[in-house]
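Participant: Below is the structure I would like to discuss, written out as structure tokens.
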Amino acid sequence: MKNSLFGPLDPAPDAGWTDAPARKGFLTDTSICIGCKACEVACKEWNAIPADWSEGLTGDSYDNTSALGANTWRHVAFIEQPAAPPAPPPVDLGMPTLRPADEAAAPDGAGSQDGNKPDFRWLMSSDVCKHCTHAACLDVCPTGSLFRSEFGTVVVQDDICNGCGYCVPACPYGVIERRNGPEDAKNVGIAQKCTLCYDRLEAGNTPACAQACPTQSIQFGDVDELRERGRARVEQLQAQGVEGARLYGDDPNDGVGGTGSIFLLLDEPEVYGMPPDPVVTTRDLPDMFRKAGMAALSLAAGAALSFLGGRR
Amino acid sequence: MSARKTLLSWPVVRQLTGTDPLGRGAAAQSQKTRDWTARTETADRVVQSVCPYCAVGCGQRVYVKDEKVIQIEGDPDSPVSRGRLCPKGSASEQLVNAPGRQRYMLYRRPHGTDWERIDLETATDMVADRVVASRAAQWQDVDQEGHALRRTMGIAALGGATLDNEENYLIKKLFTAMGAIQIENQARI
Amino acid sequence: MAECHPVGFQWVMEAKARGARVIHVDPRFTRTSAMADQHVPLRAGSDIVFLGAIINYVLTNELYFHDYVLSYTNAATLVSEDFRDVDDLDGVFSGYDPQSGSYDPTSWAYEDVAEPAAAGTDRQAPAEHEESAGHATGSQGASEEGAAHVHRDETLQHPRCVLQILKRHYSRYTPEMVERMCGVSQEDFLAVCEAVTANSGRDRTTAFVYSVGWTQHTVGVQYIRGAAILQLLLGNMGRPGGGILALRGHASIQGSTDIPTLFDILPGYLPMPKAGNSDTLEDYLGRISTSSQKGFWSDARSYAVSLLKAWWGEKATADNDFCYDYLPALTGDHGTYQTVMDMIAEKVEGYFLLGQNPAVGSAHGRMQRLGMSHLKWLVVRDFNLIESATFWKEGPEIATGEMRTEDIGTEVFFFPAASHVEKDGTFTQTQRMLQWHHQAVEPPGDCRSELDFFYLLGQKVRERLADSTDERDRPLLDLTWDYDREDGRPGASADAVLREINGWELTGPDHNERGDMLSSFTQMKPDGTTAGGCWIYTGVYADGINHSASKKPGSEQSWVALEWGWSWPANRRILYNRASADPDGKPWSERKAYVWWDEEAGSWTGHDVPDFPKTKAPSFRPEPGTPGPAGLAGDDPFIMQADGKGWLYVPKGLLDGPLPAHYEPQESPVRNPFYSQQSNPTRQVFKRKDNLSNPSAGAPGSDVFPYVFTTYRLTEHHTAGGMSRWSGYLAELQPEFFCEVSPELARERGLDNGGWATIITARTAIEARVLVTDRITPLTVEGKRIHQIGLPYHWGVGGGGALVSGDSANDLLGVTLDPNVHIQESKASSCDIQPGRRPTGPALLRLVDTYRSRAGITVETSNTLRGEA
């Protein structure tokens with residue numbers, strides 16, 4: 001129990017699941033994401049998440065859903081990385097030059113054919129709840145609405161959630177959110193996020209996003225195996241000269257004990273809008289918890305006794 | 001439910017007596033969550049179909065319950081698509097069940113300013129009457145040089161190309177027999 | 001491909017993972033470019049220069065696949081002495097008639113071939129482009145008199161052999177020309193050449209994949225021809241991993257040409273009769289194939305007679321030419337744009353729109369809506385109240401005051417349609433595979449399938465004419481029209497229709513009783529003893545089994561997956577796959593083994609169904625002059641061609657030349673550097689006040705429209721939006737119409753990302769939100785900076801209940817067509833762009849008028865076919 005809120009562990013047994021299956025998660029390989037957003041739609045369709053087109057065009061590349069939130073459990077980011085800016089034109093010191101004047105004065109590189117080669121990148125990445133090993137949202141949830149499933153995932157139970165919202169600031173990734181619309185939507189006021197398709201997993205199926213993904217950018221499976229697969233893929237990409245390739249969330253010693261959703265990124269996490277060094281916000285909770293523990297236990301025992309008494 | 005059972009299923013008791021003393025896992029699971037079953041599991045039947053959007057021809061599985069489509073997802077058996085779908089294919093269920101989908105016949109009379117509801121059978125009869133009349137009104141037996149034309153220029157059609165082959169066949173067959181030659185589809189747009 | 005066919009793109013990604021090099025040639029940097037090894041932005045409308053220069057590179061460096069080219073193409077065939085190329089005649093081929101703007105193709109013929117008697121005289125009204133040759137003569141079946149005994153030079157050195165003609169024709173298509181015209185650096189271009197040639201040959205193949213970016217031009221057919229020449233030279237046709245793959249945007253767009261809802265063909269690419277030259281069945285068949293040509297088109301009589309028997313049953317007899325005269329005849333172009341103009345002229349009274357939204361999806365939306373406002377009645381069958389159903393109420397012309405609802409006399413019937421899960425039937429996907437989809441539920445409310453609607457409509461029309469004695473009604477009354485469902489539910493049985501499409505033996509004393517289902521089109525008979533609605537689909541119901549419904553899991557069968565669906569013809573998955581083996585019948589390499597000759601068994605075998613007479617040995621040589629399938633030699637893989645060879649050079653069958661030559665789009669900011677002929681001299685132009693064109697380079701006023709725009713689709717939407725803008729899950733992903741511009745153009749015109757812009761052409765002005773993006777690259781063409789603007793075309797104004805709407809990009813387009821297939825040029829046009837929203841109401845018309853007068857536009861502008869500018 002010492003490590004339950006920090007450090008490496010297998011979360012499902014730690015949360016009391018005996019005979020738990022291997023921990024399940026996603027490997028999102030952004031190097032083969034084509035940004036089609038099938039994951040967003042498949043997720044919404046399966047989970048009956050409301051759509052909202054009222055905001056209109058964001059002007060942010062092809063991203064019009066902007067971020068993960070109560071109504072967006074999968075979100076595809078589009079990052080247009082401009083080419084390295086052209087070298088600034090040499091400052092004219094009034095010195096004699098060997099170059100003809102017209103070439104030296106070519107504006108914007110316009111005259112050069114290099115200007116025809118945009119060596120920028122269009123990065124695409126499907127983001128999702130990380131299903132942290134140490135999930136602050138779950139740890140701060142006072143109602144038990146958020147729970148750790150036998151698959152090691154973190155799931156909101158909308159019949160339990162009272163909408164207190166403690167989980168929202170607790171998430172170091174900004175994933176979970178209370179639904180505040182549209183008006184006719186179900187579960188308004190209730191915290192919402194990816195369940196890793198808990199119901200589909202129970203039935204032995206693949207989560208909707210991973211099943212739809214045309215290029216297998218989103219892979220579903222046992223977290224241990226996905227981490228291995230991710231590492232092999234990073235090595236392969238680096239060998240091909242993709243120097244920025246890296247895994248994100250695969251380290252059980254990181255601030256959240258590693259995540260169930262791991263990502264293969266081609267650049268720094270910040271580029272994709274992901275925190276570079278997330279730390280579970282309840283890291284110091286065990287200490288506080290131990291102190292509060294005795295009091296809580298005696299209260300609970302009292303409550304149990306009165307329950308029994310009441311039924312007699 | 002007996003008192004004992006009720007007590008034992010009370011989360012706090014489960015938490016204290018079970019393997020999940022912090023109440024974050026098994027003990028926190030609600031009855032509703034325990035009963036939560038994927039709707040694909042309780043479907044009455046699963047029907048194999050093909051995505052209606054582009055011409056890749058991805059396989060779809062259509063899940064039906066109580067004569068309603070409750071889910072459409074990729075068919076892993078398809079060697080074309082291997083179970084995968086794009087965003088449009090993934091939205092197919094909404095194509096079928098969208099609340100805004102038109103389910104009833106509408107009619108706009110000449111110079112009318114709005115739609116009117118009309119009976120489907122009546123409308124079909126009206127269209128049949130107009131087909132017969134327009135076919136006759138613009139009929140051409142021969143061209144200027146006397147070559148047979150045997151056609152009408154009064155009726156035209158433009159199809160999308162999401163119609164079935166069998167539908168196209170009947171359309172082309174009927175139009176040709178009527179002598180209506182002006183028929184095109186998306187293939188040449 | 002990643003944009004519009006994401007799930008198909010999984011195979012490109014898989015090939016890439018195995019080491020394939022992916023090159024994306026596109027004016028824009030798209031999702032596909034993001035995954036490609038190389039993106040080559042080029043100027044829209046310059047592709048023939050690009051392809052021609054690769055052809056030149058291949059020929060100059062002798063990188064063509066010699067054995068393949070010599071044996072399987074017409075490279076060695078000699079062409080008539082009368083043939084003159086475009087460089088000899090300043091931009092036209094021999095046979096051009098400036099009066100009619102069309103070609104007499106006689107001089108393009110193979111050497112020593114007797115001139116077809118009717119050639120050059122079979123056009124009646126020369127000012128019109130009448131024949132859409134590609135389709136009207138069958139898919140590959142342009143008849144070629146005497147093609148079974150051609151003159152060949154096996155050394156490929158004769159100056160009039162096709163290979164040498166090609167060499168001369170493309171000699172001016174150099175890397176320098178690519179740089180000048182396409183805006184592609186020589187370095188980038190040569191990288192493409194090297195990749196394509198290094199990955200072609202015995203061990204490797206290269207595939208070309210295209211969509212409407214190639215077809216929607218005034219030279220669209222010649223774009224595809226350019227790729228065909230290249231792929232034949234490289235030996236990439238009929239082989240695994242090769243080919244030219246059309247990615248089609250609608251679920252059964254392939255099926256919609258196979259079993260056409262098109263004006264100029266009948267099922268199976270049989271032409272529609274044409275008044276004057278096919279008044280009898282004999283004349284008609286003579287147009288399709290000649291008695292001396294090789295290949296399977298010479299059996300056209302069997303296909304045509306079987307079709308007539310399927311349609312008119314026992315009424316179709318040998319004595320009455322199987323009711324051939326029941327077929328209506330064409331007199332020219334009756335395509336969709338001509339039809340709309342005929343609506344405006346009030347020649348057309350009624351119009352059926354069947355899952356199609358021309359007010360948004362066709363070029364020149366205003367003309368479309370204007371046309372519909374002149375109809376007496378309009379039937380719209382769709383899921384939603386698309387803009388074509390509501391034009392009278394909320395269309396853009398109501399806003400400008402050009403139309404008033406109360407003035408529009410069109411009666412509109414909106415019939416709600418059944419969805420794909422609410423009916424049985426087959427789609428033919430983009431690789432010619434028929435897939436059956438099973439009905440899952442009954443359609444709701446008044447929703448009905450087209451099958452049920454047209455079956456019922458046919459019954460009702462026939463009822464109304466039942467007592468008619470008018471000869472013109474015989475085709476309707478004698479029509480076989482019996483498709484009742486076996487289970488007694490109302491409507492038609494798709495299964496019964498598919499059976500008729502497949503065809504059956506006719507038995508009994510008068511050969512009018514249904515016998516066994518046909519297994520192959522080779523069983524079709526010319527004497528009326530078989531019936532079948534579409535010969536290329538024969539076999540889909542072989543042995544009484546619906547093979548389109550074969551759904552053996554892909555994981556349980558070979559990679560070719562012959563037991564999933566059914567591909568025409570004869571379940572062959574790669575066409576002309578005889579070419580995957582060498583002339584002796586051995587695979588070109590083990591790596592690329594696909595279909596080969598099994599000497600012991602005496603038959604062709606392999607992974608696929610061989611696309612060749614099964615027991616015809618590679619060494620087989622027919623008696624010279626033997627016609628038909630029997631005339632095919634053992635090394636004639638292109639079994640539908642009149643000479644059994646792949647056509648590098650097309651002696652007959654195209655209206656705009658035997659070889660692709662570069663022509664500028666109708667509206668272009670660039671002069672054609674090859675000759676004074678600026679644009680395709682046979683393109684189909686419509687000189688009308690309601691169809692004005694912008695001036696092209698060299699003409700006064702062209703600087704008023706300095707930019708190129710190109711239209712396209714996004715992953716998140718479907719064509720004109722009828723199946724996506726009413727879906728919340730799709731609408732929210734791309735909620736608004738936008739234009740894509742480069743940062744440089746944004747600076748030049750003062751456009752802000754996220755702000756508004758107005759785009760103007762001679763037709764209209766529309767407004768769009770602005771995306772400023774490095775994905776659009778300005779190009780340097782002829783020393784001039786060329787800016788291109790990207791416009792997705794999914795939105796429209798006024799649709800009933802559409803969740804998202806916006807101006808329609810296609811409203812900007814005029815109507816100018818490819819002469820062969822009547823497809824509009826919508827991938828390269830010129831425009832101006834200004835910051836801010838467009839004016840509304842009559843002020844919008846004034847803005848467009850200002851532009852027209854500034855540019856001095858008249859109906860003649862850009863519409864002179866020969867010697868313009």
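Ordering of the structure tokens sets the chain letters (A, B, ...); residue numbers start at 1 within each chain; ligands are numbered from 1 in the order shown.
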Please check the contacts: residues of chain A at most 10 Å away from chain C, using only C-alpha atoms, listed as a PyMOL selection string.
Facilitator: chain A and resi 31-38+40-42+44-45+49-66+80-83+108+110-124+212-216
Participant: Hey, list the chain A side of the contact with chain B: 8 Å cut-off, only C-alpha atoms, answer as number ranges by chain.
Facilitator: A: 12, 14-18, 36-42, 45-46, 138-139, 144-150, 157, 159-160, 199-200, 202-203, 211-214, 300, 304, 308, 311
Participant: Restricting the calculation to only C-alpha atoms: of C:Gly242, C:Glu411, C:Gln164, C:Ser102, which residue gets closest to Gly112 (chain B)?
Facilitator: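 Distance minimum relative to Gly112 (chain B) lands on C:Glu411.
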Participant: Residues at most 10 Å from Arg178 (chain A), counting only C-alpha atoms, excluding those fewer than 5 positions away in the same chain, as a ChimeraX atom specification?
Facilitator: /A:69-71,163-165,167-168,187-193
Participant: Provide the CA of Gly628 (chain C) to CA of Tyr537 (chain C) distance in Å, to one decimal place.
Facilitator: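 Atom-to-atom, CA of Gly628 (chain C) to CA of Tyr537 (chain C), that is 20.1 Å.
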Participant: Using DSSP on the backbone coordinates, identify all residues within chain B classified as strand (DSSP E or B); present the result as a ChimeraX atom specification.
Facilitator: /B:45-50,59-65,68-74,106-108,116-117,139-142,148-159,180-185
Participant: Looking at only C-alpha atoms, which of C:His547, C:His607, C:Lys616, C:Arg499 is the one that sits closest to chain B?
Facilitator: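 Of the candidates, the smallest distance to chain B is held by C:Arg499.
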Participant: Write out as a CSV table (one decimal) with C-alpha atoms, in the first residue's frame each polymer residue whose atoms come within 8 Å of Arg246 (chain A), counting only C-alpha atoms; drop sequence neighbours fewer than 6 positions from it.
Facilitator:
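New file selection-v8.csv:
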```
chain,number,residue,atom,x,y,z
A,234,VAL,CA,10.9,3.9,-31.8
A,264,LEU,CA,4.7,7.3,-29.9
A,265,LEU,CA,5.5,11.0,-30.7
A,266,LEU,CA,7.7,12.5,-33.3
A,267,ASP,CA,8.5,15.6,-31.3
```
Participant: Near Phe83 (chain C), counting only C-alpha atoms, which residues have an atom at most 7 Å away, once you skip same-chain residues fewer than 4 positions from it, shown as a PyMOL selection string?
Facilitator: chain C and resi 94+107-108
Participant: I want to know what sits within 9 Å of region 592-594 of chain C, based on only C-alpha atoms, with residues of the same chain fewer than 5 positions away left out; could you give that as a list of chain:residue names?
Facilitator: C:Arg202, C:Asp203, C:Arg204, C:Thr205, C:Arg239, C:Pro240, C:Gly241, C:Asn577, C:Arg578, C:Ser580, C:Ala581, C:Lys586, C:Pro587, C:Thr605, C:Gly606, C:His607, C:Asp608
Participant: Quick one: write out the picked residues with C-alpha atoms as a PDB file, in the first residue's frame?
Facilitator:
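Result file follows (out-v3.pdb):
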```
ATOM      1  CA  ARG C 202      10.837  -7.866 -63.539  1.00  0.00           C
ATOM      2  CA  ASP C 203      11.147  -7.761 -59.772  1.00  0.00           C
ATOM      3  CA  ARG C 204       9.289  -4.635 -58.879  1.00  0.00           C
ATOM      4  CA  THR C 205       6.155  -2.774 -59.851  1.00  0.00           C
ATOM      5  CA  ARG C 239       0.817  -7.288 -62.638  1.00  0.00           C
ATOM      6  CA  PRO C 240       0.498  -7.352 -58.848  1.00  0.00           C
ATOM      7  CA  GLY C 241       1.408  -4.034 -57.298  1.00  0.00           C
ATOM      8  CA  ASN C 577      -3.152 -10.512 -65.653  1.00  0.00           C
ATOM      9  CA  ARG C 578      -1.750 -12.642 -68.488  1.00  0.00           C
ATOM     10  CA  SER C 580       2.104 -10.859 -65.183  1.00  0.00           C
ATOM     11  CA  ALA C 581       3.883 -13.723 -66.963  1.00  0.00           C
ATOM     12  CA  LYS C 586       6.613 -17.905 -66.856  1.00  0.00           C
ATOM     13  CA  PRO C 587       6.385 -15.309 -64.105  1.00  0.00           C
ATOM     14  CA  THR C 605      -3.087 -20.981 -63.298  1.00  0.00           C
ATOM     15  CA  GLY C 606      -1.946 -18.826 -60.401  1.00  0.00           C
ATOM     16  CA  HIS C 607      -3.203 -16.786 -57.498  1.00  0.00           C
ATOM     17  CA  ASP C 608      -5.973 -15.097 -59.460  1.00  0.00           C
TER      18      ASP C 608
END
```
Participant: Identify, on the basis of only C-alpha atoms, every residue whose closest approach to Lys645 (chain C) does not exceed 6 Å; exclude the query and any residue fewer than 5 positions from it along the same chain; express the result as a PyMOL selection string.
Facilitator: chain C and resi 72-74+636+638
Participant: Write out the residues from the selection above, keeping C-alpha atoms, as a short mmCIF file (atom, residue, chain, number, x, y, z; two decimals), in the first residue's frame.
Facilitator:
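Written out: result-v1.cif:
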```cif
data_model
loop_
_atom_site.label_atom_id
_atom_site.label_comp_id
_atom_site.auth_asym_id
_atom_site.auth_seq_id
_atom_site.Cartn_x
_atom_site.Cartn_y
_atom_site.Cartn_z
CA TYR C 72 2.56 -6.79 -75.08
CA THR C 73 2.14 -3.28 -76.46
CA ASN C 74 1.70 -1.73 -79.86
CA ASP C 636 -1.75 -11.13 -76.56
CA PHE C 638 -4.90 -7.31 -73.69
#
```
Participant: For chain C, which residue among B:Thr122, B:Gln140, B:Thr42, B:Thr113 is the nearest when counting only C-alpha atoms?
Facilitator: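 Ranked by minimum distance to chain C, first place goes to B:Thr113.
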Participant: In Å, with one decimal, what is the gap from CA of Val279 (chain A) to CA of Asn253 (chain A)?
Facilitator: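 Computing it gives 10.6 Å between the two atoms.
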Participant: Using DSSP on the backbone, list every residue of region 25-267 of chain A that comes out as helix (DSSP H, G or I), and give them as a ChimeraX atom specification.
Facilitator: /A:30-32,38-47,101-104,107-109,113-116,136-140,167-170,198-202,208-212,223-239
Participant: Find, counting only C-alpha atoms, the residue in C:Arg381, C:Thr711, C:Thr530, C:Ser589 that gets nearest to Thr124 (chain B).
Facilitator: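 Result for the nearest residue to Thr124 (chain B): C:Arg381.
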Participant: Could you check the closest approach to Gly836 (chain C) for each of C:Ser256, C:Gln666, C:Ser808, C:Thr758 and tell me which residue wins, using only C-alpha atoms?
Facilitator: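 Checking each of C:Ser256, C:Gln666, C:Ser808, C:Thr758 against Gly836 (chain C), counting only C-alpha atoms, the winner is C:Thr758.
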Participant: Considering only C-alpha atoms, can you say which of C:Gly249, C:Pro637, C:Pro627, C:Gly238 comes closest to chain B?
Facilitator: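 Going through C:Gly249, C:Pro637, C:Pro627, C:Gly238 one by one, the smallest distance to chain B is for C:Gly249.
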Participant: As an exercise, work out the distance from CA of Gly634 (chain C) to CA of Leu166 (chain C) in Å and give it to one decimal place.
Facilitator: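 If I compute the distance from CA of Gly634 (chain C) to CA of Leu166 (chain C), I get 26.3 Å.
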